[in-house]
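Asker: Below is coords14.cif; it holds mmCIF, C-alpha atoms (C1' of nucleotides).
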data_my_file
#
loop_
_atom_site.group_PDB
_atom_site.id
_atom_site.type_symbol
_atom_site.label_atom_id
_atom_site.label_comp_id
_atom_site.auth_asym_id
_atom_site.auth_seq_id
_atom_site.Cartn_x
_atom_site.Cartn_y
_atom_site.Cartn_z
ATOM 1 C CA MET U 147 163.679 113.045 -147.390
ATOM 2 C CA LYS U 148 164.729 115.890 -145.170
ATOM 3 C CA PRO U 149 164.235 119.322 -146.701
ATOM 4 C CA SER U 150 167.850 120.023 -145.809
ATOM 5 C CA ASN U 151 168.903 117.676 -148.585
ATOM 6 C CA TYR U 152 167.401 119.723 -151.362
ATOM 7 C CA PRO U 153 170.265 122.193 -151.722
ATOM 8 C CA LYS U 154 172.660 119.281 -152.048
ATOM 9 C CA ILE U 155 170.519 117.623 -154.704
ATOM 10 C CA PHE U 156 170.039 120.822 -156.660
ATOM 11 C CA LYS U 157 173.728 121.605 -156.470
ATOM 12 C CA ALA U 158 174.505 118.274 -158.040
ATOM 13 C CA LEU U 159 172.096 119.022 -160.857
ATOM 14 C CA SER U 160 173.215 122.611 -161.315
ATOM 15 C CA ASN U 161 176.184 121.695 -163.455
ATOM 16 C CA GLU U 162 175.332 121.243 -167.088
ATOM 17 C CA GLN U 163 177.643 118.300 -167.670
ATOM 18 C CA ARG U 164 176.570 116.563 -164.517
ATOM 19 C CA LEU U 165 172.930 117.032 -165.422
ATOM 20 C CA LYS U 166 173.618 115.456 -168.799
ATOM 21 C CA ILE U 167 175.233 112.481 -167.140
ATOM 22 C CA PHE U 168 172.387 112.121 -164.703
ATOM 23 C CA MET U 169 169.746 112.385 -167.404
ATOM 24 C CA SER U 170 171.493 109.714 -169.458
ATOM 25 C CA ILE U 171 171.425 107.343 -166.545
ATOM 26 C CA TYR U 172 167.874 108.302 -165.700
ATOM 27 C CA GLU U 173 166.562 107.778 -169.200
ATOM 28 C CA GLN U 174 168.432 104.546 -169.529
ATOM 29 C CA SER U 175 166.976 103.309 -166.276
ATOM 30 C CA LEU U 176 163.493 104.074 -167.548
ATOM 31 C CA LYS U 177 164.072 101.894 -170.589
ATOM 32 C CA SER U 178 165.460 98.987 -168.652
ATOM 33 C CA SER U 179 163.577 98.396 -165.454
ATOM 34 C CA LYS U 180 166.135 95.773 -164.529
ATOM 35 C CA ALA U 181 168.536 97.375 -162.086
ATOM 36 C CA GLY U 182 172.209 97.255 -162.854
ATOM 37 C CA SER U 183 171.863 97.192 -166.594
ATOM 38 C CA VAL U 184 172.603 100.826 -167.099
ATOM 39 C CA PHE U 185 175.803 100.241 -168.986
ATOM 40 C CA PRO U 186 174.643 97.147 -170.778
ATOM 41 C CA ALA U 187 175.640 95.515 -174.024
ATOM 42 C CA LYS U 188 177.942 97.265 -176.434
ATOM 43 C CA ASP U 189 175.238 97.923 -178.963
ATOM 44 C CA SER U 190 172.771 99.867 -176.864
ATOM 45 C CA THR U 191 170.999 102.786 -178.472
ATOM 46 C CA CYS U 192 172.102 105.545 -176.113
ATOM 47 C CA CYS U 193 175.247 107.375 -177.122
ATOM 48 C CA VAL U 194 176.422 107.970 -173.630
ATOM 49 C CA MET U 195 175.183 104.937 -171.831
ATOM 50 C CA GLU U 196 176.460 102.333 -174.213
ATOM 51 C CA LYS U 197 179.963 103.313 -173.194
ATOM 52 C CA ALA U 198 181.531 103.685 -169.795
ATOM 53 C CA PHE U 199 183.691 106.543 -168.485
ATOM 54 C CA THR U 200 186.395 106.648 -171.077
ATOM 55 C CA LYS U 201 184.068 106.583 -174.041
ATOM 56 C CA MET U 202 181.705 108.972 -172.327
ATOM 57 C CA CYS U 203 184.575 111.449 -172.558
ATOM 58 C CA GLU U 204 184.170 111.548 -176.318
ATOM 59 C CA CYS U 205 180.487 112.374 -175.981
ATOM 60 C CA ILE U 206 180.588 115.144 -173.432
ATOM 61 C CA ASN U 207 184.158 116.168 -174.000
ATOM 62 C CA LEU U 208 185.607 115.918 -170.532
ATOM 63 C CA SER U 209 188.555 114.010 -169.165
ATOM 64 C CA ARG U 210 188.146 110.705 -167.388
ATOM 65 C CA SER U 211 189.102 112.235 -164.077
ATOM 66 C CA THR U 212 186.482 114.945 -164.416
ATOM 67 C CA ILE U 213 183.803 112.428 -165.254
ATOM 68 C CA SER U 214 184.841 110.327 -162.314
ATOM 69 C CA HIS U 215 184.496 113.424 -160.162
ATOM 70 C CA HIS U 216 181.008 114.179 -161.468
ATOM 71 C CA PHE U 217 179.903 110.625 -160.817
ATOM 72 C CA LYS U 218 181.098 110.938 -157.282
ATOM 73 C CA GLU U 219 179.160 114.169 -156.839
ATOM 74 C CA LEU U 220 176.013 112.521 -158.129
ATOM 75 C CA GLN U 221 176.501 109.630 -155.749
ATOM 76 C CA ASN U 222 177.233 112.028 -152.933
ATOM 77 C CA ALA U 223 173.960 113.817 -153.494
ATOM 78 C CA GLY U 224 172.223 110.460 -153.344
ATOM 79 C CA LEU U 225 171.067 110.683 -156.928
ATOM 80 C CA ILE U 226 172.732 107.566 -158.231
ATOM 81 C CA ILE U 227 174.181 104.382 -156.830
ATOM 82 C CA CYS U 228 177.258 102.924 -158.490
ATOM 83 C CA GLU U 229 179.352 99.868 -157.964
ATOM 84 C CA ARG U 230 182.191 98.246 -159.809
ATOM 85 C CA GLU U 231 182.254 94.551 -160.314
ATOM 86 C CA GLY U 232 185.368 93.557 -162.134
ATOM 87 C CA GLN U 233 185.440 95.686 -165.228
ATOM 88 C CA MET U 234 181.687 96.143 -165.195
ATOM 89 C CA TYR U 235 180.493 99.505 -163.964
ATOM 90 C CA ARG U 236 177.013 99.135 -162.565
ATOM 91 C CA CYS U 237 175.067 102.249 -161.981
ATOM 92 C CA ARG U 238 171.459 102.960 -161.170
ATOM 93 C CA ILE U 239 169.125 105.717 -160.115
ATOM 94 C CA ASN U 240 168.337 106.174 -156.441
ATOM 95 C CA GLU U 241 164.557 106.009 -156.544
ATOM 96 C CA GLU U 242 164.167 107.576 -153.146
ATOM 97 C CA THR U 243 165.930 110.755 -154.147
ATOM 98 C CA VAL U 244 164.161 110.908 -157.486
ATOM 99 C CA ASN U 245 160.870 110.684 -155.648
ATOM 100 C CA SER U 246 161.797 113.498 -153.340
ATOM 101 C CA ILE U 247 162.571 115.648 -156.355
ATOM 102 C CA LYS U 248 159.136 114.828 -157.683
ATOM 103 C CA GLU U 249 157.690 115.823 -154.317
ATOM 104 C CA PHE U 250 159.369 119.219 -154.453
ATOM 105 C CA LEU U 251 156.793 122.016 -154.757
ATOM 106 C CA LYS U 252 153.956 119.520 -154.394
ATOM 107 C CA MET X 35 160.983 125.606 -171.048
ATOM 108 C CA LYS X 36 164.196 124.713 -172.763
ATOM 109 C CA PRO X 37 166.113 121.922 -171.071
ATOM 110 C CA SER X 38 169.119 124.203 -171.131
ATOM 111 C CA ASN X 39 167.500 126.287 -168.423
ATOM 112 C CA TYR X 40 167.484 123.554 -165.837
ATOM 113 C CA PRO X 41 171.057 123.990 -164.666
ATOM 114 C CA LYS X 42 170.366 127.669 -164.120
ATOM 115 C CA ILE X 43 167.216 126.944 -162.126
ATOM 116 C CA PHE X 44 168.875 124.288 -160.035
ATOM 117 C CA LYS X 45 171.848 126.507 -159.390
ATOM 118 C CA ALA X 46 169.554 129.172 -158.011
ATOM 119 C CA LEU X 47 167.993 126.637 -155.677
ATOM 120 C CA SER X 48 171.268 125.023 -154.678
ATOM 121 C CA ASN X 49 172.052 127.622 -152.048
ATOM 122 C CA GLU X 50 170.419 126.967 -148.715
ATOM 123 C CA GLN X 51 169.609 130.603 -147.967
ATOM 124 C CA ARG X 52 168.301 131.245 -151.426
ATOM 125 C CA LEU X 53 166.128 128.163 -151.258
ATOM 126 C CA LYS X 54 164.687 129.438 -147.966
ATOM 127 C CA ILE X 55 163.867 132.766 -149.559
ATOM 128 C CA PHE X 56 162.284 131.103 -152.541
ATOM 129 C CA MET X 57 160.224 128.726 -150.417
ATOM 130 C CA SER X 58 158.951 131.624 -148.341
ATOM 131 C CA ILE X 59 157.753 133.419 -151.414
ATOM 132 C CA TYR X 60 156.367 130.222 -152.875
ATOM 133 C CA GLU X 61 154.415 129.293 -149.769
ATOM 134 C CA GLN X 62 153.144 132.806 -149.363
ATOM 135 C CA SER X 63 151.986 132.847 -152.955
ATOM 136 C CA LEU X 64 150.040 129.647 -152.349
ATOM 137 C CA LYS X 65 148.173 131.281 -149.473
ATOM 138 C CA SER X 66 147.339 134.425 -151.341
ATOM 139 C CA SER X 67 146.326 133.692 -154.881
ATOM 140 C CA LYS X 68 146.192 137.394 -155.532
ATOM 141 C CA ALA X 69 149.421 138.309 -157.273
ATOM 142 C CA GLY X 70 151.498 141.065 -155.789
ATOM 143 C CA SER X 71 150.484 140.520 -152.218
ATOM 144 C CA VAL X 72 153.543 138.623 -151.243
ATOM 145 C CA PHE X 73 154.769 141.218 -148.817
ATOM 146 C CA PRO X 74 151.387 142.253 -147.506
ATOM 147 C CA ALA X 75 150.240 143.741 -144.228
ATOM 148 C CA LYS X 76 152.584 144.052 -141.286
ATOM 149 C CA ASP X 77 150.848 141.371 -139.283
ATOM 150 C CA SER X 78 151.062 138.484 -141.666
ATOM 151 C CA THR X 79 151.787 135.071 -140.245
ATOM 152 C CA CYS X 80 154.964 134.277 -142.153
ATOM 153 C CA CYS X 81 158.144 135.242 -140.405
ATOM 154 C CA VAL X 82 160.043 136.057 -143.497
ATOM 155 C CA MET X 83 157.355 137.406 -145.722
ATOM 156 C CA GLU X 84 155.754 139.837 -143.339
ATOM 157 C CA LYS X 85 158.919 141.860 -143.545
ATOM 158 C CA ALA X 86 160.842 143.049 -146.542
ATOM 159 C CA PHE X 87 164.591 142.866 -147.143
ATOM 160 C CA THR X 88 165.910 144.570 -144.062
ATOM 161 C CA LYS X 89 163.786 142.622 -141.621
ATOM 162 C CA MET X 90 164.383 139.454 -143.562
ATOM 163 C CA CYS X 91 168.004 139.916 -142.565
ATOM 164 C CA GLU X 92 167.082 139.233 -138.955
ATOM 165 C CA CYS X 93 165.372 135.996 -139.912
ATOM 166 C CA ILE X 94 167.990 134.448 -142.092
ATOM 167 C CA ASN X 95 170.933 136.367 -140.752
ATOM 168 C CA LEU X 96 172.383 137.872 -143.882
ATOM 169 C CA SER X 97 173.162 141.430 -144.844
ATOM 170 C CA ARG X 98 170.826 143.494 -146.990
ATOM 171 C CA SER X 99 173.249 143.430 -149.867
ATOM 172 C CA THR X 100 173.493 139.672 -149.759
ATOM 173 C CA ILE X 101 169.732 139.290 -149.719
ATOM 174 C CA SER X 102 169.459 141.703 -152.599
ATOM 175 C CA HIS X 103 171.969 139.577 -154.438
ATOM 176 C CA HIS X 104 170.006 136.388 -153.775
ATOM 177 C CA PHE X 105 166.802 137.999 -154.999
ATOM 178 C CA LYS X 106 168.556 138.958 -158.167
ATOM 179 C CA GLU X 107 169.770 135.424 -158.651
ATOM 180 C CA LEU X 108 166.267 134.085 -158.202
ATOM 181 C CA GLN X 109 164.955 136.584 -160.718
ATOM 182 C CA ASN X 110 167.770 135.763 -163.068
ATOM 183 C CA ALA X 111 166.866 132.114 -163.004
ATOM 184 C CA GLY X 112 163.309 133.083 -163.829
ATOM 185 C CA LEU X 113 161.983 131.763 -160.546
ATOM 186 C CA ILE X 114 160.463 134.961 -159.244
ATOM 187 C CA ILE X 115 159.340 138.279 -160.627
ATOM 188 C CA CYS X 116 159.890 141.375 -158.552
ATOM 189 C CA GLU X 117 159.063 145.005 -158.948
ATOM 190 C CA ARG X 118 159.315 148.028 -156.745
ATOM 191 C CA GLU X 119 156.504 150.495 -156.580
ATOM 192 C CA GLY X 120 157.407 153.288 -154.263
ATOM 193 C CA GLN X 121 158.360 151.638 -151.035
ATOM 194 C CA MET X 122 156.293 148.588 -151.792
ATOM 195 C CA TYR X 123 158.265 145.584 -152.883
ATOM 196 C CA ARG X 124 156.065 143.350 -154.996
ATOM 197 C CA CYS X 125 157.255 139.889 -155.636
ATOM 198 C CA ARG X 126 155.627 136.830 -157.081
ATOM 199 C CA ILE X 127 156.403 133.363 -158.315
ATOM 200 C CA ASN X 128 156.999 132.816 -162.012
ATOM 201 C CA GLU X 129 154.446 130.106 -162.689
ATOM 202 C CA GLU X 130 156.038 129.083 -165.943
ATOM 203 C CA THR X 131 159.315 128.173 -164.292
ATOM 204 C CA VAL X 132 157.610 126.478 -161.393
ATOM 205 C CA ASN X 133 155.712 124.344 -163.879
ATOM 206 C CA SER X 134 158.868 123.377 -165.666
ATOM 207 C CA ILE X 135 160.330 122.245 -162.359
ATOM 208 C CA LYS X 136 157.247 120.132 -161.843
ATOM 209 C CA GLU X 137 157.763 118.700 -165.327
ATOM 210 C CA PHE X 138 161.321 117.676 -164.538
ATOM 211 C CA LEU X 139 161.692 113.884 -164.535
ATOM 212 C CA LYS X 140 158.121 113.473 -165.697
ATOM 213 C "C1'" DC B 54 204.039 88.413 -166.388
ATOM 214 C "C1'" DT B 55 203.308 92.222 -169.780
ATOM 215 C "C1'" DG B 56 200.549 95.439 -172.031
ATOM 216 C "C1'" DA B 57 196.470 97.650 -172.622
ATOM 217 C "C1'" DC B 58 192.707 98.702 -170.875
ATOM 218 C "C1'" DT B 59 189.450 100.189 -166.565
ATOM 219 C "C1'" DG B 60 188.197 103.906 -163.047
ATOM 220 C "C1'" DT B 61 190.464 106.655 -159.029
ATOM 221 C "C1'" DT B 62 193.202 109.879 -156.547
ATOM 222 C "C1'" DC B 63 196.169 113.883 -156.212
ATOM 223 C "C1'" DG B 64 197.806 118.491 -157.098
ATOM 224 C "C1'" DA B 65 197.511 122.591 -159.544
ATOM 225 C "C1'" DT B 66 195.048 126.031 -161.929
ATOM 226 C "C1'" DT B 67 191.448 128.824 -163.186
ATOM 227 C "C1'" DG B 68 186.841 130.436 -162.681
ATOM 228 C "C1'" DT B 69 182.629 131.127 -159.838
ATOM 229 C "C1'" DT B 70 179.906 132.039 -155.721
ATOM 230 C "C1'" DG B 71 178.572 133.796 -151.113
ATOM 231 C "C1'" DT B 72 179.232 137.190 -148.260
ATOM 232 C "C1'" DA B 73 179.946 141.796 -145.985
ATOM 233 C "C1'" DG B 74 180.510 146.746 -145.813
ATOM 234 C "C1'" DA B 75 180.572 151.260 -147.781
ATOM 235 C "C1'" DA B 76 178.626 154.394 -150.705
ATOM 236 C "C1'" DC B 77 174.643 155.169 -153.151
ATOM 237 C "C1'" DA B 78 169.706 156.634 -154.889
ATOM 238 C "C1'" DG B 79 164.911 156.681 -154.179
ATOM 239 C "C1'" DT B 80 160.931 157.784 -151.023
ATOM 240 C "C1'" DA B 81 158.278 158.904 -147.096
ATOM 241 C "C1'" DT B 82 157.591 161.693 -142.911
ATOM 242 C "C1'" DG B 83 158.138 165.283 -139.819
ATOM 243 C "C1'" DC V 198 164.890 170.228 -146.805
ATOM 244 C "C1'" DA V 199 166.723 166.910 -143.149
ATOM 245 C "C1'" DT V 200 166.707 162.418 -141.585
ATOM 246 C "C1'" DA V 201 165.592 157.919 -141.536
ATOM 247 C "C1'" DC V 202 164.226 154.531 -143.753
ATOM 248 C "C1'" DT V 203 164.030 151.494 -148.419
ATOM 249 C "C1'" DG V 204 166.654 148.393 -151.795
ATOM 250 C "C1'" DT V 205 170.916 148.621 -155.089
ATOM 251 C "C1'" DT V 206 175.523 148.703 -156.727
ATOM 252 C "C1'" DC V 207 180.436 148.252 -156.174
ATOM 253 C "C1'" DT V 208 184.491 146.283 -154.404
ATOM 254 C "C1'" DA V 209 186.975 142.937 -152.113
ATOM 255 C "C1'" DC V 210 187.955 138.560 -150.465
ATOM 256 C "C1'" DA V 211 187.624 133.868 -148.828
ATOM 257 C "C1'" DA V 212 185.728 129.574 -149.971
ATOM 258 C "C1'" DC V 213 184.428 126.471 -153.244
ATOM 259 C "C1'" DA V 214 183.889 124.107 -157.893
ATOM 260 C "C1'" DA V 215 185.295 122.505 -162.538
ATOM 261 C "C1'" DT V 216 188.710 120.996 -164.961
ATOM 262 C "C1'" DC V 217 193.069 118.731 -166.485
ATOM 263 C "C1'" DG V 218 197.183 115.785 -166.521
ATOM 264 C "C1'" DA V 219 199.988 112.646 -164.174
ATOM 265 C "C1'" DA V 220 200.591 108.882 -161.387
ATOM 266 C "C1'" DC V 221 198.153 105.196 -159.663
ATOM 267 C "C1'" DA V 222 195.682 100.407 -158.812
ATOM 268 C "C1'" DG V 223 192.624 96.839 -160.434
ATOM 269 C "C1'" DT V 224 191.480 93.509 -164.231
ATOM 270 C "C1'" DC V 225 191.835 90.757 -168.073
ATOM 271 C "C1'" DA V 226 193.593 88.942 -172.634
ATOM 272 C "C1'" DG V 227 197.436 87.234 -174.785
#
How does the structure come out when it is put into structure tokens?
Answerer:
Amino acid sequence: MKPSNYPKIFKALSNEQRLKIFMSIYEQSLKSSKAGSVFPAKDSTCCVMEKAFTKMCECINLSRSTISHHFKELQNAGLIICEREGQMYRCRINEETVNSIKEFLK
Amino acid sequence: MKPSNYPKIFKALSNEQRLKIFMSIYEQSLKSSKAGSVFPAKDSTCCVMEKAFTKMCECINLSRSTISHHFKELQNAGLIICEREGQMYRCRINEETVNSIKEFLK
DNA sequence: CTGACTGTTCGATTGTTGTAGAACAGTATG
DNA sequence: CATACTGTTCTACAACAATCGAACAGTCAG
């Protein structure tokens, strides 16, 4: 990871809502080591992660378009990797970037 | 450290220039464990840290007022602690905040 | 094929940030 | 006490970010 990427990463995490979204995905990805199961069955335990965009709106109180925007920012910073497959929205943490955060100040 | 402080911390580090300033102070404070010696003698090795505000301008090419502003932001985020004592500008890392950064994603 | 859902893109609006310069206040030094 | 430095504060402005609603395109159940 180039040091020049840190500002970009921190900028992505500097917005409260975006940090919430990221943390949801991060925590979910800790629970399920299997990649791609971040938005899994309908009866998951996590308030945010059990629902995709539209339902996430109810939780963090933002419009769908805003949430879409935040997801794009997170992807842009290399923090998450998302892909749509039909109606399924697959989304996972980018381990490489997470590791470089852990390396920061080490 | 309350989780609510993370956005603030990351925002402070999301600006490239501000991150440079912070890293200079951080690295300097690793070298000299003695607090308060961040801007020490005139012949220190570190380009940025051997000089205070005005000379720092030459290194990172910003005006004094802008650098002052960035220092304030860093202080505001709890990342550094600064105090003036006559013409001496003492500045050190806030260990507590640094630790909470290290705790992030742990 | 229609209707009801996805998430996305666009445009507008409002708020925030990064920056410089001028005017300032404190402090050494001659 | 001038003058030449500190860093600070204020003001202004351009650039950027967060947000929404509307219009959109893909998908799937009936």
Asker: Report as a count of residues only the full result of the PyMOL selection byres ((chain B) within 9 of (chain U)) when it is applied to this structure.
Answerer: 4
Asker: Set the cut-off to 10 Å and count only C-alpha atoms (C1' of nucleotides): what are the residues of chain V that reach chain U? Output as a short mmCIF file (atom, residue, chain, number, x, y, z; two decimals) with C-alpha atoms (C1' of nucleotides), in the frame of the given file.
Answerer:
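Here's the written file part_13.cif:
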data_model
loop_
_atom_site.label_atom_id
_atom_site.label_comp_id
_atom_site.auth_asym_id
_atom_site.auth_seq_id
_atom_site.Cartn_x
_atom_site.Cartn_y
_atom_site.Cartn_z
"C1'" DA V 214 183.89 124.11 -157.89
"C1'" DA V 215 185.30 122.50 -162.54
"C1'" DT V 216 188.71 121.00 -164.96
"C1'" DC V 217 193.07 118.73 -166.48
"C1'" DG V 218 197.18 115.78 -166.52
"C1'" DG V 223 192.62 96.84 -160.43
"C1'" DT V 224 191.48 93.51 -164.23
"C1'" DC V 225 191.84 90.76 -168.07
#
Asker: If we count only C-alpha atoms (C1' of nucleotides) and set the cut-off at 12 Å, which residues sit around Lys248 in chain U, ignoring sequence neighbours fewer than 6 positions away in its own chain? Please answer as a list in words.
Answerer: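 Near Lys248 in chain U, the qualifying residues are Met147, Tyr152, Glu241 and Glu242 of chain U; Asn133, Ser134, Ile135, Lys136, Glu137, Phe138, Leu139 and Lys140 of chain X.
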Asker: On this structure, which residues satisfy the PyMOL selection byres ((chain X) within 6 of (chain U)), written as JSON, numbers by chain?
Answerer: {"X": [41, 44, 45, 48, 49, 50]}
Asker: Ranking B:DC63, B:DA73, B:DC58, B:DG68 by minimum distance to DT208 in chain V and counting only C-alpha atoms (C1' of nucleotides), which one comes first?
Answerer: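 Looking at the shortest contact to DT208 in chain V, the residue is B:DA73.
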Asker: Run the PyMOL selection byres ((chain V and resi 207) around 12) against the file shown and list the residues it catches, as a PDB file with C-alpha atoms (C1' of nucleotides), in the frame of the given file.
Answerer:
ATOM      1  CA  SER X  99     173.249 143.430-149.867  1.00  0.00           C
TER       2      SER X  99
ATOM      3  C1'  DG B  74     180.510 146.746-145.813  1.00  0.00           C
ATOM      4  C1'  DA B  75     180.572 151.260-147.781  1.00  0.00           C
ATOM      5  C1'  DA B  76     178.626 154.394-150.705  1.00  0.00           C
ATOM      6  C1'  DC B  77     174.643 155.169-153.151  1.00  0.00           C
TER       7       DC B  77
ATOM      8  C1'  DT V 205     170.916 148.621-155.089  1.00  0.00           C
ATOM      9  C1'  DT V 206     175.523 148.703-156.727  1.00  0.00           C
ATOM     10  C1'  DT V 208     184.491 146.283-154.404  1.00  0.00           C
ATOM     11  C1'  DA V 209     186.975 142.937-152.113  1.00  0.00           C
TER      12       DA V 209
END
Asker: Enter the distance from CA of Asn240 in chain U to CA of Gly224 in chain U, in Å, rounded to one decimal.
Answerer: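 One can read the CA of Asn240 in chain U to CA of Gly224 in chain U distance as 6.6 Å.
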Asker: Check the smallest atom-to-atom distance from each of X:Asn95, X:Glu117, X:Ile55, X:Ser63 to DG204 in chain V using only C-alpha atoms (C1' of nucleotides), then report the winner.
Answerer: X:Glu117
Asker: One decimal, in Å: what's the spacing between C1' of DA78 in chain B and C1' of DC202 in chain V?
Answerer: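 Taking C1' of DA78 in chain B and C1' of DC202 in chain V, their separation equals 12.6 Å.
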Asker: Which value, in Å to one decimal, gives the distance between CA of Glu204 in chain U and CA of Leu225 in chain U?
Answerer: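 According to the coordinates, CA of Glu204 in chain U and CA of Leu225 in chain U are separated by 23.4 Å.
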Asker: If we count all atoms listed in the file and set the cut-off at 7 Å, which residues sit around Ile226 in chain U, ignoring sequence neighbours fewer than 2 positions away in its own chain? Please answer as a list in words.
Answerer: Leu220, Gln221, Gly224, Cys228, Cys237, Arg238, Ile239 and Asn240 of chain U
